[in-house]
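**Q** Got a structure for you, upload_30.csv, holding CSV, N, CA and C atoms.
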```csv
chain,number,residue,atom,x,y,z
K,1,MET,N,124.7,159.1,73.0
K,1,MET,CA,123.6,158.3,73.6
K,1,MET,C,123.8,156.9,73.2
K,2,LEU,N,124.0,156.6,71.9
K,2,LEU,CA,124.2,155.2,71.5
K,2,LEU,C,125.3,154.5,72.2
K,3,ARG,N,126.4,155.3,72.3
K,3,ARG,CA,127.6,154.8,73.0
K,3,ARG,C,127.3,154.4,74.5
K,4,SER,N,126.6,155.3,75.2
K,4,SER,CA,126.3,155.0,76.6
K,4,SER,C,125.3,153.8,76.7
K,5,THR,N,124.4,153.7,75.8
K,5,THR,CA,123.5,152.5,75.8
K,5,THR,C,124.3,151.2,75.6
K,6,ALA,N,125.2,151.2,74.6
K,6,ALA,CA,126.0,150.1,74.4
K,6,ALA,C,126.9,149.7,75.6
K,7,SER,N,127.5,150.7,76.2
K,7,SER,CA,128.3,150.4,77.4
K,7,SER,C,127.5,149.9,78.5
K,8,LEU,N,126.2,150.4,78.7
K,8,LEU,CA,125.3,149.9,79.7
K,8,LEU,C,125.0,148.4,79.5
K,9,ILE,N,124.7,148.1,78.2
K,9,ILE,CA,124.4,146.7,77.9
K,9,ILE,C,125.6,145.8,78.2
K,10,ARG,N,126.8,146.3,77.8
K,10,ARG,CA,128.0,145.5,78.1
K,10,ARG,C,128.2,145.2,79.6
K,11,LYS,N,127.9,146.3,80.3
K,11,LYS,CA,128.1,146.2,81.8
K,11,LYS,C,127.1,145.2,82.4
K,12,GLN,N,125.8,145.2,81.9
K,12,GLN,CA,124.8,144.3,82.4
K,12,GLN,C,125.2,142.8,82.0
K,13,LEU,N,125.7,142.6,80.8
K,13,LEU,CA,126.1,141.3,80.3
K,13,LEU,C,127.2,140.8,81.2
K,14,PHE,N,128.2,141.7,81.5
K,14,PHE,CA,129.3,141.3,82.4
K,14,PHE,C,128.8,140.9,83.8
K,15,GLN,N,127.8,141.6,84.3
K,15,GLN,CA,127.3,141.3,85.6
K,15,GLN,C,126.5,140.0,85.6
K,16,MET,N,125.8,139.7,84.5
K,16,MET,CA,125.1,138.4,84.4
K,16,MET,C,126.0,137.3,84.3
K,17,GLU,N,127.1,137.4,83.6
K,17,GLU,CA,128.1,136.4,83.5
K,17,GLU,C,128.7,136.1,84.9
K,18,ASN,N,129.0,137.1,85.6
K,18,ASN,CA,129.6,136.9,87.0
K,18,ASN,C,128.6,136.2,87.9
K,19,LEU,N,127.3,136.6,87.7
K,19,LEU,CA,126.3,135.9,88.6
K,19,LEU,C,126.2,134.4,88.2
K,20,ARG,N,126.3,134.1,86.9
K,20,ARG,CA,126.2,132.7,86.5
K,20,ARG,C,127.4,131.9,87.1
K,21,ALA,N,128.6,132.5,87.1
K,21,ALA,CA,129.8,131.9,87.6
K,21,ALA,C,129.6,131.6,89.1
K,22,TYR,N,129.0,132.5,89.9
K,22,TYR,CA,128.9,132.3,91.3
K,22,TYR,C,127.7,131.5,91.7
K,23,SER,N,126.7,131.3,90.8
K,23,SER,CA,125.5,130.6,91.2
K,23,SER,C,125.5,129.1,91.0
K,24,LYS,N,126.6,128.6,90.6
K,24,LYS,CA,126.7,127.1,90.5
K,24,LYS,C,126.9,126.5,91.8
K,25,VAL,N,125.9,125.8,92.3
K,25,VAL,CA,126.0,125.1,93.6
K,25,VAL,C,125.6,123.6,93.4
K,26,GLY,N,125.9,122.9,94.4
K,26,GLY,CA,125.6,121.4,94.4
K,26,GLY,C,124.2,121.2,94.9
K,27,ASP,N,123.9,119.9,95.1
K,27,ASP,CA,122.6,119.5,95.5
K,27,ASP,C,122.5,119.7,97.0
K,28,LEU,N,121.3,119.9,97.5
K,28,LEU,CA,121.0,120.0,99.0
K,28,LEU,C,121.6,118.7,99.7
K,29,GLY,N,122.3,118.9,100.8
K,29,GLY,CA,122.7,117.8,101.5
K,29,GLY,C,124.0,117.2,101.0
K,30,SER,N,124.6,117.9,100.0
K,30,SER,CA,125.8,117.3,99.4
K,30,SER,C,127.1,117.5,100.1
K,31,GLY,N,127.0,118.2,101.3
K,31,GLY,CA,128.2,118.4,102.1
K,31,GLY,C,128.6,119.9,102.2
K,32,ALA,N,129.4,120.2,103.1
K,32,ALA,CA,129.8,121.6,103.3
K,32,ALA,C,130.7,122.1,102.2
K,33,GLY,N,130.4,123.3,101.8
K,33,GLY,CA,131.2,123.9,100.7
K,33,GLY,C,130.8,123.5,99.3
K,34,LYS,N,129.7,122.7,99.2
K,34,LYS,CA,129.3,122.2,97.9
K,34,LYS,C,127.9,122.7,97.6
K,35,GLY,N,127.4,123.7,98.4
K,35,GLY,CA,126.1,124.3,98.2
K,35,GLY,C,125.0,123.7,99.1
K,36,GLY,N,125.3,122.6,99.8
K,36,GLY,CA,124.3,122.0,100.7
K,36,GLY,C,124.8,122.1,102.1
K,37,GLY,N,125.9,122.7,102.4
K,37,GLY,CA,126.5,122.7,103.7
K,37,GLY,C,125.9,123.6,104.7
K,38,GLY,N,126.3,123.6,105.9
K,38,GLY,CA,125.8,124.4,107.0
K,38,GLY,C,124.5,123.9,107.4
K,39,GLY,N,124.1,123.5,108.5
K,39,GLY,CA,122.8,123.0,108.8
K,39,GLY,C,123.0,121.8,109.7
K,40,GLY,N,124.1,121.6,110.3
K,40,GLY,CA,124.3,120.5,111.1
K,40,GLY,C,125.4,119.6,110.6
K,41,SER,N,125.9,118.8,111.6
K,41,SER,CA,127.0,117.9,111.2
K,41,SER,C,126.6,116.8,110.2
K,42,ILE,N,125.4,116.3,110.3
K,42,ILE,CA,125.0,115.3,109.3
K,42,ILE,C,124.9,115.9,107.9
K,43,ARG,N,124.3,117.1,107.7
K,43,ARG,CA,124.3,117.7,106.4
K,43,ARG,C,125.7,118.1,105.9
K,44,GLU,N,126.5,118.5,106.8
K,44,GLU,CA,127.9,118.9,106.5
K,44,GLU,C,128.7,117.7,106.0
K,45,ALA,N,128.4,116.5,106.5
K,45,ALA,CA,129.2,115.4,106.1
K,45,ALA,C,128.8,115.0,104.7
K,46,GLY,N,127.6,115.3,104.3
K,46,GLY,CA,127.2,114.9,102.9
K,46,GLY,C,126.8,113.5,102.8
K,47,GLY,N,126.8,113.0,101.6
K,47,GLY,CA,126.5,111.6,101.4
K,47,GLY,C,125.0,111.3,101.5
K,48,ALA,N,124.7,110.1,101.7
K,48,ALA,CA,123.3,109.6,101.8
K,48,ALA,C,122.5,110.3,103.0
K,49,PHE,N,123.3,110.3,104.2
K,49,PHE,CA,122.6,110.9,105.3
K,49,PHE,C,122.3,112.4,105.1
K,50,GLY,N,123.3,113.1,104.5
K,50,GLY,CA,123.1,114.5,104.2
K,50,GLY,C,121.9,114.7,103.3
K,51,ALA,N,121.8,113.9,102.2
K,51,ALA,CA,120.7,114.0,101.3
K,51,ALA,C,119.4,113.7,102.0
K,52,MET,N,119.4,112.7,102.9
K,52,MET,CA,118.2,112.3,103.6
K,52,MET,C,117.7,113.4,104.5
K,53,GLU,N,118.7,114.0,105.2
K,53,GLU,CA,118.4,115.1,106.1
K,53,GLU,C,117.8,116.3,105.3
K,54,ALA,N,118.3,116.6,104.2
K,54,ALA,CA,117.8,117.7,103.3
K,54,ALA,C,116.4,117.3,102.9
K,55,ALA,N,116.1,116.1,102.6
K,55,ALA,CA,114.8,115.7,102.2
K,55,ALA,C,113.8,115.8,103.3
K,56,HIS,N,114.2,115.4,104.5
K,56,HIS,CA,113.3,115.6,105.7
K,56,HIS,C,113.0,117.0,105.9
K,57,GLU,N,114.0,117.9,105.8
K,57,GLU,CA,113.8,119.3,106.0
K,57,GLU,C,112.9,119.9,104.9
K,58,GLU,N,113.0,119.5,103.7
K,58,GLU,CA,112.1,119.9,102.6
K,58,GLU,C,110.7,119.5,102.9
K,59,GLU,N,110.5,118.2,103.3
K,59,GLU,CA,109.2,117.7,103.7
K,59,GLU,C,108.6,118.4,104.8
K,60,TYR,N,109.4,118.8,105.8
K,60,TYR,CA,108.9,119.5,107.0
K,60,TYR,C,108.3,120.9,106.5
K,61,PHE,N,109.1,121.6,105.7
K,61,PHE,CA,108.6,122.9,105.2
K,61,PHE,C,107.4,122.8,104.3
K,62,TYR,N,107.4,121.7,103.5
K,62,TYR,CA,106.2,121.5,102.6
K,62,TYR,C,105.0,121.3,103.4
K,63,LYS,N,105.0,120.5,104.5
K,63,LYS,CA,103.9,120.2,105.3
K,63,LYS,C,103.5,121.5,106.1
K,64,GLN,N,104.5,122.2,106.5
K,64,GLN,CA,104.2,123.5,107.3
K,64,GLN,C,103.5,124.5,106.3
K,65,GLN,N,103.9,124.6,105.1
K,65,GLN,CA,103.3,125.5,104.2
K,65,GLN,C,101.9,125.0,103.8
K,66,ARG,N,101.7,123.7,103.7
K,66,ARG,CA,100.4,123.2,103.4
K,66,ARG,C,99.4,123.5,104.6
K,67,GLU,N,99.9,123.3,105.8
K,67,GLU,CA,99.0,123.6,107.0
K,67,GLU,C,98.7,125.1,107.0
K,68,GLN,N,99.7,126.0,106.7
K,68,GLN,CA,99.4,127.4,106.7
K,68,GLN,C,98.4,127.8,105.7
K,69,LEU,N,98.4,127.2,104.5
K,69,LEU,CA,97.5,127.4,103.4
K,69,LEU,C,96.1,126.9,103.9
K,70,LYS,N,96.0,125.8,104.6
K,70,LYS,CA,94.7,125.3,105.0
K,70,LYS,C,94.1,126.3,106.0
K,71,ARG,N,94.9,126.8,107.0
K,71,ARG,CA,94.4,127.7,108.0
K,71,ARG,C,94.0,129.0,107.3
K,72,LEU,N,94.7,129.5,106.3
K,72,LEU,CA,94.4,130.7,105.6
K,72,LEU,C,93.0,130.5,104.9
K,73,LYS,N,92.8,129.4,104.3
K,73,LYS,CA,91.6,129.1,103.6
K,73,LYS,C,90.4,129.1,104.6
K,74,GLU,N,90.6,128.4,105.7
K,74,GLU,CA,89.6,128.4,106.7
K,74,GLU,C,89.2,129.8,107.2
K,75,ASP,N,90.3,130.6,107.5
K,75,ASP,CA,90.1,132.0,108.0
K,75,ASP,C,89.3,132.8,106.9
K,76,LEU,N,89.7,132.6,105.7
K,76,LEU,CA,89.0,133.4,104.6
K,76,LEU,C,87.5,132.9,104.5
K,77,SER,N,87.3,131.6,104.7
K,77,SER,CA,85.9,131.2,104.6
K,77,SER,C,85.1,131.8,105.8
K,78,ASP,N,85.7,131.8,107.0
K,78,ASP,CA,85.0,132.4,108.1
K,78,ASP,C,84.7,133.9,107.8
K,79,GLU,N,85.7,134.6,107.2
K,79,GLU,CA,85.5,136.0,106.9
K,79,GLU,C,84.4,136.2,105.9
K,80,ILE,N,84.3,135.3,104.9
K,80,ILE,CA,83.3,135.4,103.9
K,80,ILE,C,81.9,135.2,104.5
K,81,SER,N,81.8,134.2,105.4
K,81,SER,CA,80.5,134.0,106.1
K,81,SER,C,80.1,135.2,107.0
K,82,PHE,N,81.1,135.8,107.6
K,82,PHE,CA,80.8,137.0,108.4
K,82,PHE,C,80.3,138.1,107.6
K,83,HIS,N,80.9,138.4,106.4
K,83,HIS,CA,80.5,139.5,105.6
K,83,HIS,C,79.2,139.2,104.9
K,84,GLU,N,78.9,137.9,104.6
K,84,GLU,CA,77.6,137.6,104.1
K,84,GLU,C,76.5,137.8,105.1
K,85,GLU,N,76.8,137.5,106.4
K,85,GLU,CA,75.8,137.8,107.4
K,85,GLU,C,75.6,139.3,107.6
K,86,GLN,N,76.7,140.0,107.5
K,86,GLN,CA,76.6,141.5,107.6
K,86,GLN,C,75.7,142.0,106.5
K,87,ILE,N,75.9,141.5,105.3
K,87,ILE,CA,75.1,142.0,104.1
K,87,ILE,C,73.6,141.7,104.4
K,88,LYS,N,73.3,140.5,104.9
K,88,LYS,CA,72.0,140.1,105.2
K,88,LYS,C,71.4,141.1,106.2
K,89,ARG,N,72.1,141.4,107.3
K,89,ARG,CA,71.6,142.3,108.3
K,89,ARG,C,71.4,143.7,107.7
K,90,HIS,N,72.3,144.2,106.9
K,90,HIS,CA,72.2,145.5,106.3
K,90,HIS,C,71.0,145.6,105.4
K,91,GLN,N,70.8,144.5,104.6
K,91,GLN,CA,69.7,144.5,103.7
K,91,GLN,C,68.3,144.5,104.5
K,92,GLU,N,68.3,143.8,105.6
K,92,GLU,CA,67.1,143.9,106.5
K,92,GLU,C,66.9,145.3,107.0
K,93,ALA,N,68.0,145.9,107.4
K,93,ALA,CA,67.9,147.3,107.9
K,93,ALA,C,67.4,148.2,106.8
K,94,ILE,N,67.9,148.1,105.6
K,94,ILE,CA,67.5,148.9,104.4
K,94,ILE,C,66.0,148.7,104.2
K,95,ASP,N,65.5,147.4,104.2
K,95,ASP,CA,64.1,147.1,104.0
K,95,ASP,C,63.2,147.8,105.1
K,96,ARG,N,63.7,147.7,106.3
K,96,ARG,CA,62.9,148.4,107.4
K,96,ARG,C,62.8,149.9,107.2
K,97,HIS,N,63.9,150.5,106.8
K,97,HIS,CA,63.9,152.0,106.6
K,97,HIS,C,63.1,152.4,105.4
K,98,LYS,N,63.1,151.6,104.4
K,98,LYS,CA,62.3,151.8,103.2
K,98,LYS,C,60.8,151.7,103.6
K,99,LYS,N,60.5,150.7,104.4
K,99,LYS,CA,59.1,150.6,104.9
K,99,LYS,C,58.6,151.8,105.7
K,100,ARG,N,59.5,152.3,106.6
K,100,ARG,CA,59.2,153.5,107.4
K,100,ARG,C,59.0,154.7,106.5
K,101,VAL,N,59.9,154.8,105.5
K,101,VAL,CA,59.8,156.0,104.5
K,101,VAL,C,58.4,155.9,103.8
K,102,SER,N,58.1,154.7,103.3
K,102,SER,CA,56.8,154.6,102.6
K,102,SER,C,55.6,154.8,103.5
K,103,SER,N,55.7,154.4,104.8
K,103,SER,CA,54.6,154.7,105.7
K,103,SER,C,54.5,156.1,106.0
K,104,ILE,N,55.6,156.9,106.1
K,104,ILE,CA,55.6,158.3,106.3
K,104,ILE,C,54.9,159.0,105.1
K,105,ASP,N,55.3,158.5,103.9
K,105,ASP,CA,54.7,159.1,102.6
K,105,ASP,C,53.2,158.9,102.6
K,106,GLU,N,52.7,157.7,103.1
K,106,GLU,CA,51.3,157.4,103.0
K,106,GLU,C,50.5,158.3,104.0
K,107,GLU,N,51.2,158.7,105.1
K,107,GLU,CA,50.5,159.5,106.1
K,107,GLU,C,50.2,160.9,105.6
K,108,LYS,N,51.0,161.4,104.6
K,108,LYS,CA,50.7,162.7,104.1
K,108,LYS,C,49.5,162.8,103.4
```
How does this structure look as structure tokens?

**A**
Amino acid sequence: MLRSTASLIRKQLFQMENLRAYSKVGDLGSGAGKGGGGGGSIREAGGAFGAMEAAHEEEYFYKQQREQLKRLKEDLSDEISFHEEQIKRHQEAIDRHKKRVSSIDEEK
């Protein structure tokens, strides 16, 4: 049991070392083959234009995510308002039914 546990730990450490070796990449927009490549001729060329293109892309996705979060917040606010209105209607219905029950009890 101890031997199998030790071999499992060694195997996991080996896998982690291999992952570290393959995960070393360059900056976004630093050119093809350096971790920032693929994404158009400007980004593949690297240099200042590649970095600028990567920055524009990051900005686009940041704004898109911010807009999605804004819409989500608005949708949730609308849903909260809807459920609060439903609670109000249900409470009014409960009050009406209680009034009817008490009027039936009074008739006896």

**Q** Between CA of Leu76 (chain K) and CA of Tyr62 (chain K), measure the distance and give it in Å to one decimal.

**A**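 That distance, rounded to one decimal, is 21.0 Å.
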
**Q** What gap, in Å, lies between atom C of Arg71 (chain K) and atom C of His83 (chain K)?

**A**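 That distance, rounded to one decimal, is 18.1 Å.
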
**Q** Rounded to one decimal, what separation in Å do you get between atom N of Ile104 (chain K) and CA of His90 (chain K)?

**A**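 About the pair atom N of Ile104 (chain K) and CA of His90 (chain K): they are 20.1 Å apart.
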